[in-house]
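K.L.:
Data file protein_18.txt (compact mmCIF, C-alpha atoms and all ligand atoms) is appended below.
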```
# COMPACT_ATOMS: atom_id res chain seq x y z
CA MET A 1 -35.12 7.28 1.46
CA ASP A 2 -37.52 4.36 1.59
CA ILE A 3 -35.98 0.95 1.48
CA GLN A 4 -37.85 -1.12 -1.07
CA PRO A 5 -38.73 -4.71 -0.16
CA SER A 6 -36.65 -7.19 -2.12
CA LEU A 7 -37.98 -8.40 -5.43
CA TYR A 8 -36.14 -11.60 -4.70
CA PRO A 9 -37.77 -14.01 -2.27
CA LEU A 10 -34.65 -15.44 -0.68
CA THR A 11 -33.42 -12.41 1.19
CA GLU A 12 -34.41 -9.06 2.58
CA PHE A 13 -32.79 -6.22 0.69
CA THR A 14 -31.07 -3.82 3.03
CA SER A 15 -29.07 -0.89 1.79
CA GLY A 16 -25.60 -1.91 0.56
CA GLN A 17 -26.16 -5.65 0.90
CA ASP A 18 -26.13 -7.94 -2.11
CA PRO A 19 -29.54 -9.65 -2.26
CA TRP A 20 -28.03 -12.87 -3.57
CA GLN A 21 -25.59 -13.49 -0.73
CA ALA A 22 -28.00 -15.52 1.37
CA ALA A 23 -28.75 -17.68 -1.66
CA PHE A 24 -25.15 -18.75 -2.28
CA ALA A 25 -24.38 -22.47 -2.18
CA ALA A 26 -22.77 -23.45 1.12
CA HIS A 27 -19.42 -24.14 -0.56
CA ALA A 28 -19.35 -20.65 -2.15
CA HIS A 29 -18.49 -19.23 1.27
CA ASP A 30 -15.16 -21.08 0.98
CA LEU A 31 -14.32 -18.84 -2.02
CA GLN A 32 -12.41 -15.98 -0.43
CA PRO A 33 -10.09 -13.48 -2.16
CA SER A 34 -6.48 -14.65 -2.05
CA GLU A 35 -3.94 -12.52 -0.28
CA ILE A 36 -2.10 -12.08 -3.56
CA ARG A 37 -5.18 -10.72 -5.35
CA ALA A 38 -5.83 -8.13 -2.65
CA LEU A 39 -2.20 -7.09 -2.86
CA PHE A 40 -2.03 -6.62 -6.59
CA ALA A 41 -4.06 -3.40 -6.45
CA VAL A 42 -1.46 -1.62 -4.30
CA ALA A 43 1.60 -3.45 -5.55
CA SER A 44 0.94 -2.51 -9.17
CA ARG A 45 1.41 1.21 -8.49
CA PRO A 46 4.56 2.22 -10.40
CA GLU A 47 6.35 3.70 -7.38
CA VAL A 48 6.09 0.36 -5.52
CA VAL A 49 8.80 -2.24 -6.14
CA SER A 50 6.75 -5.39 -6.23
CA LEU A 51 8.57 -8.51 -5.11
CA ALA A 52 5.08 -9.97 -4.59
CA GLY A 53 3.42 -11.38 -7.70
CA GLY A 54 5.00 -14.16 -9.77
CA MET A 55 4.44 -12.48 -13.11
CA PRO A 56 6.66 -13.82 -15.89
CA TYR A 57 8.83 -11.22 -17.62
CA VAL A 58 7.04 -11.42 -20.97
CA ALA A 59 9.05 -8.45 -22.28
CA ALA A 60 11.81 -11.02 -22.91
CA LEU A 61 9.60 -12.51 -25.61
CA ASN A 62 10.13 -11.25 -29.16
CA MET A 63 6.79 -9.55 -29.92
CA ASP A 64 7.49 -9.52 -33.67
CA HIS A 65 7.80 -13.29 -33.61
CA VAL A 66 4.49 -13.60 -31.77
CA ALA A 67 2.79 -11.17 -34.18
CA GLU A 68 4.15 -13.11 -37.17
CA ALA A 69 2.92 -16.39 -35.70
CA VAL A 70 -0.58 -14.96 -35.13
CA ALA A 71 -0.71 -13.53 -38.67
CA MET A 72 0.59 -16.73 -40.28
CA MET A 73 -1.75 -18.88 -38.23
CA LEU A 74 -4.81 -16.78 -39.13
CA ARG A 75 -3.85 -16.66 -42.79
CA ASP A 76 -3.25 -20.40 -43.09
CA ARG A 77 -5.73 -21.83 -40.59
CA GLY A 78 -8.02 -19.03 -39.54
CA LEU A 79 -11.21 -21.02 -40.02
CA VAL A 80 -9.97 -23.76 -37.69
CA ALA A 81 -8.59 -21.27 -35.17
CA LEU A 82 -11.89 -19.45 -34.88
CA GLN A 83 -13.95 -22.62 -34.55
CA TYR A 84 -14.68 -25.03 -31.66
CA GLY A 85 -12.15 -27.84 -31.42
CA ALA A 86 -11.37 -31.13 -29.70
CA GLY A 87 -12.03 -31.26 -25.95
CA GLN A 88 -8.66 -32.92 -25.35
CA GLY A 89 -6.81 -30.23 -27.30
CA HIS A 90 -5.50 -29.88 -30.85
CA PRO A 91 -3.46 -32.97 -31.86
CA GLU A 92 -0.72 -30.88 -33.45
CA LEU A 93 -0.07 -28.98 -30.22
CA ARG A 94 -0.28 -32.17 -28.18
CA GLU A 95 2.43 -33.67 -30.40
CA GLN A 96 4.64 -30.62 -29.78
CA ILE A 97 3.98 -30.83 -26.03
CA LEU A 98 5.48 -34.33 -26.13
CA ASP A 99 8.71 -32.75 -27.45
CA VAL A 100 8.60 -30.03 -24.78
CA MET A 101 8.45 -32.76 -22.11
CA THR A 102 11.34 -34.83 -23.53
CA PRO A 103 14.02 -33.06 -21.41
CA HIS A 104 12.03 -34.04 -18.30
CA GLY A 105 12.39 -37.70 -19.28
CA ILE A 106 8.66 -38.06 -19.98
CA ARG A 107 7.85 -40.57 -22.68
CA ALA A 108 4.11 -40.21 -23.21
CA GLY A 109 1.85 -40.80 -26.20
CA LEU A 110 -0.35 -38.30 -28.01
CA ASP A 111 -3.47 -39.68 -26.28
CA ASP A 112 -2.01 -39.14 -22.81
CA VAL A 113 -1.98 -35.34 -23.07
CA VAL A 114 -5.00 -33.18 -22.16
CA VAL A 115 -4.63 -29.48 -23.05
CA THR A 116 -6.32 -27.00 -20.69
CA ALA A 117 -6.70 -23.25 -20.17
CA GLY A 118 -3.55 -23.05 -18.03
CA SER A 119 -2.36 -25.78 -15.70
CA GLN A 120 -4.59 -24.21 -13.04
CA LEU A 121 -7.62 -25.64 -14.85
CA ALA A 122 -5.86 -29.00 -15.19
CA LEU A 123 -5.41 -29.08 -11.40
CA ASP A 124 -9.01 -28.09 -10.83
CA LEU A 125 -10.18 -30.89 -13.14
CA VAL A 126 -7.98 -33.50 -11.44
CA ILE A 127 -9.48 -32.48 -8.09
CA ARG A 128 -13.01 -32.61 -9.47
CA VAL A 129 -12.44 -36.10 -10.84
CA MET A 130 -10.56 -37.54 -7.86
CA CYS A 131 -11.86 -35.85 -4.71
CA ASP A 132 -15.01 -35.56 -2.64
CA ARG A 133 -15.57 -32.82 -0.09
CA GLY A 134 -13.73 -33.59 3.13
CA ASP A 135 -11.07 -35.76 1.46
CA VAL A 136 -7.53 -35.37 2.73
CA ILE A 137 -4.94 -33.92 0.35
CA LEU A 138 -1.27 -33.76 1.21
CA THR A 139 0.96 -30.92 0.09
CA GLU A 140 4.21 -29.23 1.00
CA SER A 141 4.46 -26.82 3.87
CA PRO A 142 4.24 -24.10 2.48
CA SER A 143 2.44 -24.66 -0.85
CA TYR A 144 1.34 -22.79 -3.98
CA VAL A 145 -1.46 -20.34 -3.15
CA GLY A 146 -3.37 -21.05 -6.39
CA ALA A 147 -3.47 -24.77 -5.59
CA LEU A 148 -4.64 -24.09 -2.04
CA GLY A 149 -7.45 -22.04 -3.58
CA VAL A 150 -8.56 -25.04 -5.65
CA PHE A 151 -8.41 -27.32 -2.61
CA LYS A 152 -10.38 -24.88 -0.49
CA ALA A 153 -13.06 -24.38 -3.14
CA ALA A 154 -13.42 -28.17 -3.33
CA GLY A 155 -13.81 -28.43 0.47
CA LEU A 156 -10.71 -30.59 0.92
CA ASP A 157 -8.86 -31.09 4.15
CA VAL A 158 -5.30 -29.93 3.43
CA VAL A 159 -2.55 -31.57 5.47
CA HIS A 160 0.89 -29.97 5.11
CA VAL A 161 4.08 -32.02 4.94
CA PRO A 162 7.34 -30.35 6.03
CA MET A 163 10.10 -29.50 3.55
CA ASP A 164 13.81 -28.86 3.97
CA GLU A 165 16.36 -27.33 1.60
CA GLN A 166 15.72 -30.24 -0.79
CA GLY A 167 11.95 -29.85 -0.85
CA LEU A 168 9.38 -32.33 0.42
CA ARG A 169 10.80 -34.63 3.10
CA PRO A 170 10.01 -38.30 2.31
CA ASP A 171 10.35 -39.33 5.98
CA ALA A 172 7.82 -36.65 6.94
CA LEU A 173 5.58 -37.77 4.08
CA ALA A 174 5.54 -41.37 5.34
CA GLU A 175 4.95 -40.15 8.89
CA THR A 176 2.09 -37.84 7.85
CA ILE A 177 0.41 -40.60 5.85
CA ALA A 178 0.64 -42.88 8.91
CA GLN A 179 -0.85 -40.16 11.13
CA VAL A 180 -3.76 -39.57 8.74
CA ARG A 181 -4.33 -43.32 8.57
CA ALA A 182 -4.31 -43.57 12.35
CA GLN A 183 -7.32 -41.21 12.31
CA GLY A 184 -9.13 -43.71 10.09
CA ARG A 185 -8.72 -41.58 6.96
CA THR A 186 -6.88 -42.18 3.69
CA PRO A 187 -5.01 -39.38 1.92
CA LYS A 188 -6.40 -39.07 -1.59
CA LEU A 189 -3.56 -37.21 -3.30
CA LEU A 190 -0.16 -35.71 -2.81
CA TYR A 191 0.18 -32.36 -4.62
CA THR A 192 3.86 -31.49 -5.02
CA ILE A 193 6.14 -29.07 -6.91
CA PRO A 194 9.47 -30.92 -7.08
CA SER A 195 11.34 -28.35 -9.21
CA TYR A 196 11.95 -24.70 -8.26
CA HIS A 197 9.17 -24.70 -5.74
CA ASN A 198 6.61 -21.92 -5.43
CA PRO A 199 6.91 -20.44 -2.83
CA GLY A 200 9.77 -22.42 -1.27
CA GLY A 201 12.45 -21.82 -3.93
CA VAL A 202 13.80 -25.35 -3.32
CA THR A 203 14.28 -28.36 -5.61
CA GLN A 204 14.15 -32.10 -4.99
CA GLY A 205 17.34 -33.95 -6.01
CA PRO A 206 17.21 -37.34 -7.80
CA GLN A 207 17.50 -39.43 -4.62
CA ARG A 208 14.82 -37.35 -2.91
CA ARG A 209 12.48 -37.85 -5.87
CA HIS A 210 13.05 -41.56 -5.74
CA GLU A 211 12.17 -41.63 -2.02
CA VAL A 212 9.05 -39.46 -2.44
CA LEU A 213 7.83 -41.78 -5.20
CA ALA A 214 8.51 -44.84 -3.06
CA ALA A 215 6.68 -43.39 -0.03
CA ALA A 216 3.62 -42.42 -2.08
CA ARG A 217 3.58 -45.69 -4.00
CA SER A 218 3.80 -47.88 -0.92
CA ALA A 219 0.87 -45.96 0.61
CA GLY A 220 -1.19 -46.07 -2.60
CA VAL A 221 -1.36 -42.27 -2.83
CA LEU A 222 -1.64 -40.69 -6.30
CA ILE A 223 0.87 -37.88 -6.90
CA VAL A 224 -0.02 -34.67 -8.73
CA GLU A 225 3.28 -33.20 -9.95
CA ASP A 226 2.99 -29.50 -10.79
CA ASP A 227 5.90 -28.44 -12.98
CA PRO A 228 5.53 -24.98 -14.54
CA TYR A 229 9.17 -24.01 -13.81
CA GLY A 230 10.96 -27.28 -14.68
CA LEU A 231 12.76 -25.83 -17.72
CA LEU A 232 13.91 -22.75 -15.82
CA GLY A 233 16.88 -24.19 -13.92
CA PHE A 234 19.72 -21.67 -13.87
CA ASP A 235 22.40 -24.25 -14.64
CA GLY A 236 20.41 -25.40 -17.70
CA ILE A 237 19.87 -28.87 -16.23
CA VAL A 238 16.27 -30.09 -16.42
CA PRO A 239 15.33 -32.27 -13.43
CA ARG A 240 13.81 -35.63 -14.29
CA ALA A 241 10.07 -35.53 -13.67
CA LEU A 242 8.51 -37.84 -11.08
CA HIS A 243 6.12 -38.87 -13.84
CA ALA A 244 9.05 -40.20 -15.92
CA ASP A 245 9.68 -42.90 -13.31
CA ASP A 246 6.10 -43.74 -12.44
CA PRO A 247 3.62 -42.81 -15.20
CA GLU A 248 0.88 -44.87 -13.52
CA GLY A 249 1.26 -43.22 -10.15
CA VAL A 250 1.82 -39.59 -11.14
CA VAL A 251 -0.31 -37.00 -12.91
CA TYR A 252 2.00 -34.44 -14.53
CA LEU A 253 0.90 -30.82 -14.96
CA GLY A 254 2.76 -28.63 -17.46
CA SER A 255 2.34 -25.03 -18.59
CA PHE A 256 3.48 -22.56 -21.23
CA SER A 257 2.89 -19.68 -18.79
CA LYS A 258 6.53 -19.35 -17.73
CA THR A 259 8.24 -20.56 -20.90
CA ILE A 260 6.20 -18.57 -23.44
CA ALA A 261 3.49 -16.35 -21.96
CA ALA A 262 0.98 -16.56 -19.11
CA GLY A 263 -1.60 -14.64 -21.14
CA VAL A 264 -2.07 -17.44 -23.66
CA ARG A 265 -3.50 -19.58 -20.82
CA LEU A 266 -2.20 -22.89 -22.07
CA GLY A 267 -1.31 -25.79 -19.84
CA TRP A 268 -1.75 -29.53 -19.90
CA ALA A 269 -2.05 -32.72 -17.90
CA VAL A 270 -0.50 -36.12 -18.58
CA ALA A 271 -2.43 -38.73 -16.68
CA PRO A 272 -2.84 -42.52 -16.47
CA PRO A 273 -5.45 -43.68 -19.06
CA SER A 274 -8.59 -44.07 -16.91
CA LEU A 275 -8.05 -40.74 -15.19
CA ARG A 276 -7.21 -39.07 -18.48
CA GLU A 277 -10.54 -40.15 -19.97
CA LYS A 278 -12.42 -38.63 -17.03
CA LEU A 279 -10.31 -35.47 -17.29
CA VAL A 280 -11.35 -35.01 -20.92
CA MET A 281 -15.02 -35.38 -19.95
CA ALA A 282 -14.62 -32.95 -17.04
CA ALA A 283 -12.76 -30.52 -19.35
CA GLU A 284 -15.53 -30.68 -21.92
CA ALA A 285 -18.11 -30.04 -19.22
CA ALA A 286 -16.14 -27.03 -17.99
CA THR A 287 -15.02 -25.34 -21.22
CA LEU A 288 -16.14 -27.52 -24.21
CA CYS A 289 -12.59 -27.22 -25.57
CA PRO A 290 -9.43 -25.19 -25.03
CA SER A 291 -9.09 -22.13 -27.28
CA ASN A 292 -8.15 -23.18 -30.81
CA PHE A 293 -6.88 -19.65 -31.39
CA THR A 294 -4.20 -19.78 -28.72
CA GLN A 295 -3.38 -23.44 -29.32
CA LEU A 296 -2.70 -22.86 -33.00
CA THR A 297 -0.80 -19.64 -32.30
CA ILE A 298 1.52 -21.43 -29.89
CA SER A 299 1.75 -24.39 -32.23
CA THR A 300 2.85 -22.06 -35.06
CA LEU A 301 5.35 -20.35 -32.79
CA LEU A 302 6.76 -23.73 -31.75
CA SER A 303 7.13 -24.88 -35.34
CA THR A 304 8.69 -21.65 -36.65
CA ARG A 305 10.93 -20.51 -33.77
CA PRO A 306 13.35 -22.49 -31.57
CA PHE A 307 11.45 -22.96 -28.32
CA PHE A 308 14.41 -24.00 -26.19
CA ASP A 309 16.35 -20.86 -27.25
CA GLN A 310 13.47 -18.78 -25.92
CA VAL A 311 13.52 -20.76 -22.68
CA ALA A 312 17.27 -20.11 -22.39
CA LYS A 313 16.61 -16.39 -22.80
CA PHE A 314 14.10 -16.42 -19.94
CA ARG A 315 16.49 -18.47 -17.85
CA ASP A 316 19.26 -15.86 -18.30
CA VAL A 317 16.89 -13.03 -17.35
CA TYR A 318 15.77 -14.79 -14.17
CA ARG A 319 19.28 -15.93 -13.22
CA GLU A 320 20.55 -12.35 -13.27
CA ARG A 321 17.65 -11.19 -11.09
CA ARG A 322 18.10 -14.10 -8.70
CA ASP A 323 21.80 -13.19 -8.35
CA VAL A 324 20.93 -9.57 -7.52
CA LEU A 325 18.30 -10.63 -4.99
CA LEU A 326 20.64 -13.01 -3.18
CA GLU A 327 23.53 -10.57 -3.22
CA GLU A 328 21.46 -7.71 -1.85
CA MET A 329 19.73 -9.84 0.81
CA ALA A 330 23.16 -11.00 2.03
CA HIS A 331 24.33 -7.39 2.08
CA SER A 332 21.31 -5.63 3.62
CA PHE A 333 19.05 -8.00 5.54
CA PRO A 334 19.47 -7.90 9.32
CA GLU A 335 20.91 -10.73 11.36
CA GLY A 336 18.42 -13.45 12.17
CA THR A 337 16.86 -13.36 8.68
CA SER A 338 17.36 -16.46 6.54
CA TRP A 339 16.27 -17.42 3.04
CA THR A 340 16.38 -20.21 0.48
CA THR A 341 18.79 -20.12 -2.49
CA PRO A 342 16.77 -20.95 -5.61
CA ILE A 343 18.59 -22.78 -8.42
CA GLY A 344 15.73 -22.06 -10.81
CA GLY A 345 12.26 -20.54 -10.97
CA PHE A 346 10.99 -17.28 -9.54
CA TYR A 347 11.07 -17.30 -5.74
CA SER A 348 13.01 -17.18 -2.51
CA TRP A 349 11.36 -18.01 0.82
CA VAL A 350 12.41 -15.78 3.67
CA THR A 351 12.25 -16.56 7.40
CA LEU A 352 12.18 -13.44 9.56
CA PRO A 353 13.98 -12.72 12.81
CA GLU A 354 12.17 -13.89 15.92
CA GLY A 355 9.08 -11.88 16.83
CA ILE A 356 8.64 -10.16 13.43
CA ASP A 357 5.25 -10.74 11.83
CA SER A 358 5.15 -10.60 8.01
CA THR A 359 1.38 -9.92 7.90
CA VAL A 360 1.58 -6.99 10.33
CA MET A 361 4.72 -5.67 8.60
CA LEU A 362 3.10 -5.57 5.15
CA ALA A 363 1.35 -2.23 5.62
CA ARG A 364 4.64 -0.65 6.68
CA ALA A 365 6.42 -2.24 3.72
CA LEU A 366 3.84 -0.78 1.34
CA ASP A 367 4.38 2.62 2.99
CA ALA A 368 8.07 2.15 2.20
CA LEU A 369 7.04 1.30 -1.40
CA VAL A 370 7.98 -2.36 -1.47
CA ALA A 371 5.62 -5.36 -1.68
CA TYR A 372 5.98 -9.05 -0.84
CA VAL A 373 3.55 -11.85 -0.06
CA PRO A 374 3.16 -12.72 3.63
CA GLY A 375 3.76 -16.37 4.45
CA THR A 376 0.22 -17.02 5.70
CA GLY A 377 -1.08 -17.08 2.10
CA PHE A 378 0.82 -20.31 1.47
CA TYR A 379 -0.67 -22.40 4.26
CA ALA A 380 -4.13 -23.83 4.75
CA ASP A 381 -3.72 -23.46 8.52
CA GLU A 382 -2.47 -20.67 10.75
CA GLN A 383 1.23 -20.95 9.92
CA GLY A 384 3.43 -18.49 8.06
CA ARG A 385 3.50 -15.28 10.11
CA SER A 386 7.27 -15.37 10.48
CA GLU A 387 7.83 -16.02 6.77
CA LEU A 388 7.34 -14.29 3.43
CA ARG A 389 7.85 -14.91 -0.28
CA LEU A 390 9.98 -12.73 -2.52
CA SER A 391 9.69 -12.96 -6.33
CA TYR A 392 12.53 -11.64 -8.45
CA CYS A 393 11.01 -12.55 -11.83
CA TYR A 394 9.38 -9.30 -12.89
CA PRO A 395 11.26 -6.17 -11.75
CA GLU A 396 14.44 -5.12 -13.59
CA PRO A 397 17.62 -6.06 -11.65
CA ASP A 398 18.21 -2.56 -10.23
CA ARG A 399 14.58 -2.50 -9.01
CA VAL A 400 15.06 -5.89 -7.37
CA ARG A 401 18.07 -4.42 -5.54
CA GLU A 402 16.13 -1.32 -4.54
CA GLY A 403 13.19 -3.44 -3.33
CA VAL A 404 15.44 -5.54 -1.09
CA ARG A 405 17.05 -2.39 0.33
CA ARG A 406 13.66 -0.91 1.13
CA LEU A 407 12.53 -4.13 2.76
CA ALA A 408 15.75 -4.27 4.78
CA GLY A 409 14.95 -0.76 6.08
CA VAL A 410 11.47 -1.89 7.10
CA LEU A 411 12.87 -4.97 8.81
CA ASN A 412 15.39 -2.91 10.76
CA ASN A 413 12.57 -0.64 11.96
CA GLU A 414 10.51 -3.67 13.01
CA ILE A 415 13.43 -5.05 14.97
CA ALA A 416 14.02 -1.71 16.68
CA PHE A 417 10.31 -1.56 17.53
CA ARG A 418 10.37 -5.13 18.85
CA ASP A 419 13.44 -4.45 20.97
CA SER A 420 12.06 -1.23 22.43
CA GLY A 421 8.94 -3.19 23.46
CA ARG A 422 11.09 -5.82 25.14
CA LEU A 423 13.07 -3.13 26.92
CA LEU A 424 9.87 -1.62 28.32
CA GLU A 425 8.71 -5.08 29.49
CA THR A 426 11.91 -5.60 31.49
CA ARG A 427 11.56 -2.26 33.30
C1 LIG B 501 3.29 -23.89 -8.94
C2 LIG B 501 2.38 -23.26 -9.94
N1 LIG B 501 1.45 -24.00 -10.54
C3 LIG B 501 0.62 -23.46 -11.45
C4 LIG B 501 0.68 -22.12 -11.77
C5 LIG B 501 -0.31 -21.57 -12.76
O1 LIG B 501 0.01 -22.01 -14.03
P1 LIG B 501 -0.93 -21.63 -15.27
O2 LIG B 501 -0.64 -20.21 -15.62
O3 LIG B 501 -0.51 -22.59 -16.33
O4 LIG B 501 -2.35 -21.84 -14.86
C6 LIG B 501 1.63 -21.30 -11.16
C7 LIG B 501 1.68 -19.87 -11.47
O5 LIG B 501 2.25 -19.07 -10.77
C8 LIG B 501 2.50 -21.89 -10.23
O6 LIG B 501 3.44 -21.18 -9.61
```
Written as structure tokens, that's how I'd like the structure from this file.
Ligand SMILES: Cc1ncc(COP(=O)(O)O)c(C=O)c1O
P.N.:
Amino acid sequence: MDIQPSLYPLTEFTSGQDPWQAAFAAHAHDLQPSEIRALFAVASRPEVVSLAGGMPYVAALNMDHVAEAVAMMLRDRGLVALQYGAGQGHPELREQILDVMTPHGIRAGLDDVVVTAGSQLALDLVIRVMCDRGDVILTESPSYVGALGVFKAAGLDVVHVPMDEQGLRPDALAETIAQVRAQGRTPKLLYTIPSYHNPGGVTQGPQRRHEVLAAARSAGVLIVEDDPYGLLGFDGIVPRALHADDPEGVVYLGSFSKTIAAGVRLGWAVAPPSLREKLVMAAEAATLCPSNFTQLTISTLLSTRPFFDQVAKFRDVYRERRDVLLEEMAHSFPEGTSWTTPIGGFYSWVTLPEGIDSTVMLARALDALVAYVPGTGFYADEQGRSELRLSYCYPEPDRVREGVRRLAGVLNNEIAFRDSGRLLETR
């Protein structure tokens, strides 16, 4: 078969190669598929127990209530719902978001809230407004893979700050800021998840929050507080947001993804006034306005059904699954494995026995019909091979148990393999 010369001037067309690749902007090469996305294809097969993705258990939502809200909303306000709306978001929903944030101690005004298509977009907009390529951004070690994707796409230099069982370490934060400064650079932002961390499964206590705020404030570093899980604490206590104690120094990101449904794609930012104005302009440039349809649906749901009862229902579902996960890990995982004990949210972070590589082990885990996310996905550098993330949010409790048992079997095989290799070395 003859290979035709390219119709497009920028590149030679060779069989199987996309003619546009050579024309991509330089920064487009930073856009790489995330480890989670590649995994989803295999992990979504029904025979696989997926402890990988952080999908909310939307089956715990009453579908009749949602259907009624959609019908009522369309009947009463269909013409508004199907029209363009305000770039900052519908005022009625923004008012309700203020109520949703009350348990976090946030006392904001209607004008402070910017509604976005998921908090992911809010983060992207904050980065677009605040950061230039090459800027330094600080974040926990490990950190949320979706945020790392935003930072990478924006060409930022991610510097990780160590955590312990109480989340981000303020002493390490101060030290890291000093180190970055010593290189003649200034960290632009600190991105942090203080409550029910993804992937760490840890939560900052009140004193810790106070110290993190103090360290960032004294260094003049703006904090971006990502809080999609804040209402999902298993003891029902809602941690006080960092933003509540420093509204000028903290941008708060909220989301309905875990408390109502991820598919509605509704999140928001609460930001200091000058930044908020820029966020609205950046949001309008990106999407014109958030969907009126989903905003008014959620607004109707919030005004006709008790939101916090729904949150409590989700909390009970996740608490039961967390209990099963912890119980089964304690029962089945081999010696030398350790993990965090989440008091809310979706995740536990597992550290493997010495010499076991979570990236290499993944193929064998998938063969054994269990999926997890290798630790490397949660770092911007080369760390994470001896760690992995387990999510207990989506599978039914008996599937969570089965998944942990399967993974324990895989781990035992890896250890046996490791030890046989060591034995050969000593001969
Ligand atoms: C820490 C964190 N931030 C943000 C998101 C995404 O939120 P949204 O669905 O509102 O974009 C997630 C989803 O898993 C998350 O874990």
K.L.:
Could you pull out the residues sitting within 9 Å of ligand LIG 501 (chain B), using only C-alpha atoms and all ligand atoms, and write them as JSON, numbers by chain?
P.N.:
{"A": [53, 54, 55, 56, 116, 117, 118, 119, 120, 121, 122, 123, 143, 144, 145, 146, 147, 192, 193, 196, 197, 198, 199, 226, 227, 228, 229, 253, 254, 255, 256, 257, 258, 261, 262, 263, 264, 265, 266, 267, 268, 345, 346]}
K.L.:
Compile the contact shell of Pro273 of chain A as a ChimeraX atom specification: residues with an atom at most 9 Å away, counting all atoms listed in the file, same-chain residues fewer than 6 positions apart removed.
P.N.:
/A:111-112,248
K.L.:
Using all atoms listed in the file, which protein or nucleic acid residues come within 12 Å of Arg240 of chain A? Drop anything in the same chain fewer than 3 positions from it, and give the result as a ChimeraX atom specification.
P.N.:
/A:101-107,194-195,203-210,225,227,230-231,233,237,243-246,252
K.L.:
Might I get the box with edges along x, y and z of the file that holds all atoms of segment 80-99 of chain A listed there, padded by 8 Å on every side, given as centre and edge lengths in Å to one decimal, as lines of an AutoDock Vina configuration file?
P.N.:
```
center_x = -3.0
center_y = -26.9
center_z = -31.5
size_x = 39.4
size_y = 30.9
size_z = 28.3
```
K.L.:
Report the distance between atom CA of Ser141 of chain A and atom CA of Val161 of chain A in Å, rounded to one decimal place.
P.N.:
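Distance reported for this atom pair: 5.3 Å.
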K.L.:
Restricting the calculation to only C-alpha atoms: of A:Gln96, A:Thr139, A:Gln166, A:Asn62, which residue gets closest to Ile343 of chain A?
P.N.:
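Going through A:Gln96, A:Thr139, A:Gln166, A:Asn62 one by one, the smallest distance to Ile343 of chain A is for A:Gln166.
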K.L.:
What's the 7 Å shell around Leu138 of chain A, counting only C-alpha atoms, without same-chain residues fewer than 3 positions away, as a VMD selection string?
P.N.:
chain A and resid 158 to 161 187 189 to 191
K.L.:
Taking 2 positions as the minimum chain separation for residues in the same chain, which residues sit within 12 Å of Asn412 of chain A when counting only C-alpha atoms? Answer as a PyMOL selection string.
P.N.:
chain A and resi 332-337+352-353+356+361+364-365+405-410+414-419
K.L.:
When distances are computed from all atoms listed in the file, which of A:Ala380, A:Val70, A:Ala286, A:Leu302 shows the smallest separation from Glu95 of chain A?
P.N.:
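Checking each of A:Ala380, A:Val70, A:Ala286, A:Leu302 against Glu95 of chain A, counting all atoms listed in the file, the winner is A:Leu302.
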K.L.:
Between atom CA of Leu61 of chain A and atom CA of Arg399 of chain A, what is the spacing in Å?
P.N.:
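Computing the Euclidean distance for atom CA of Arg399 of chain A and atom CA of Leu61 of chain A yields 20.0 Å.
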K.L.:
How many Å lie between atom CA of Pro395 of chain A and atom CA of Ser358 of chain A, rounded to one decimal?
P.N.:
21.2 Å
K.L.:
Could you tell me, as JSON, numbers by chain, which residues have any atom at most 9 Å from (20.7, -17.3, -7.1), counting all atoms listed in the file?
P.N.:
{"A": [234, 318, 319, 320, 321, 322, 323, 324, 325, 326, 327, 341, 342, 343, 344, 348]}
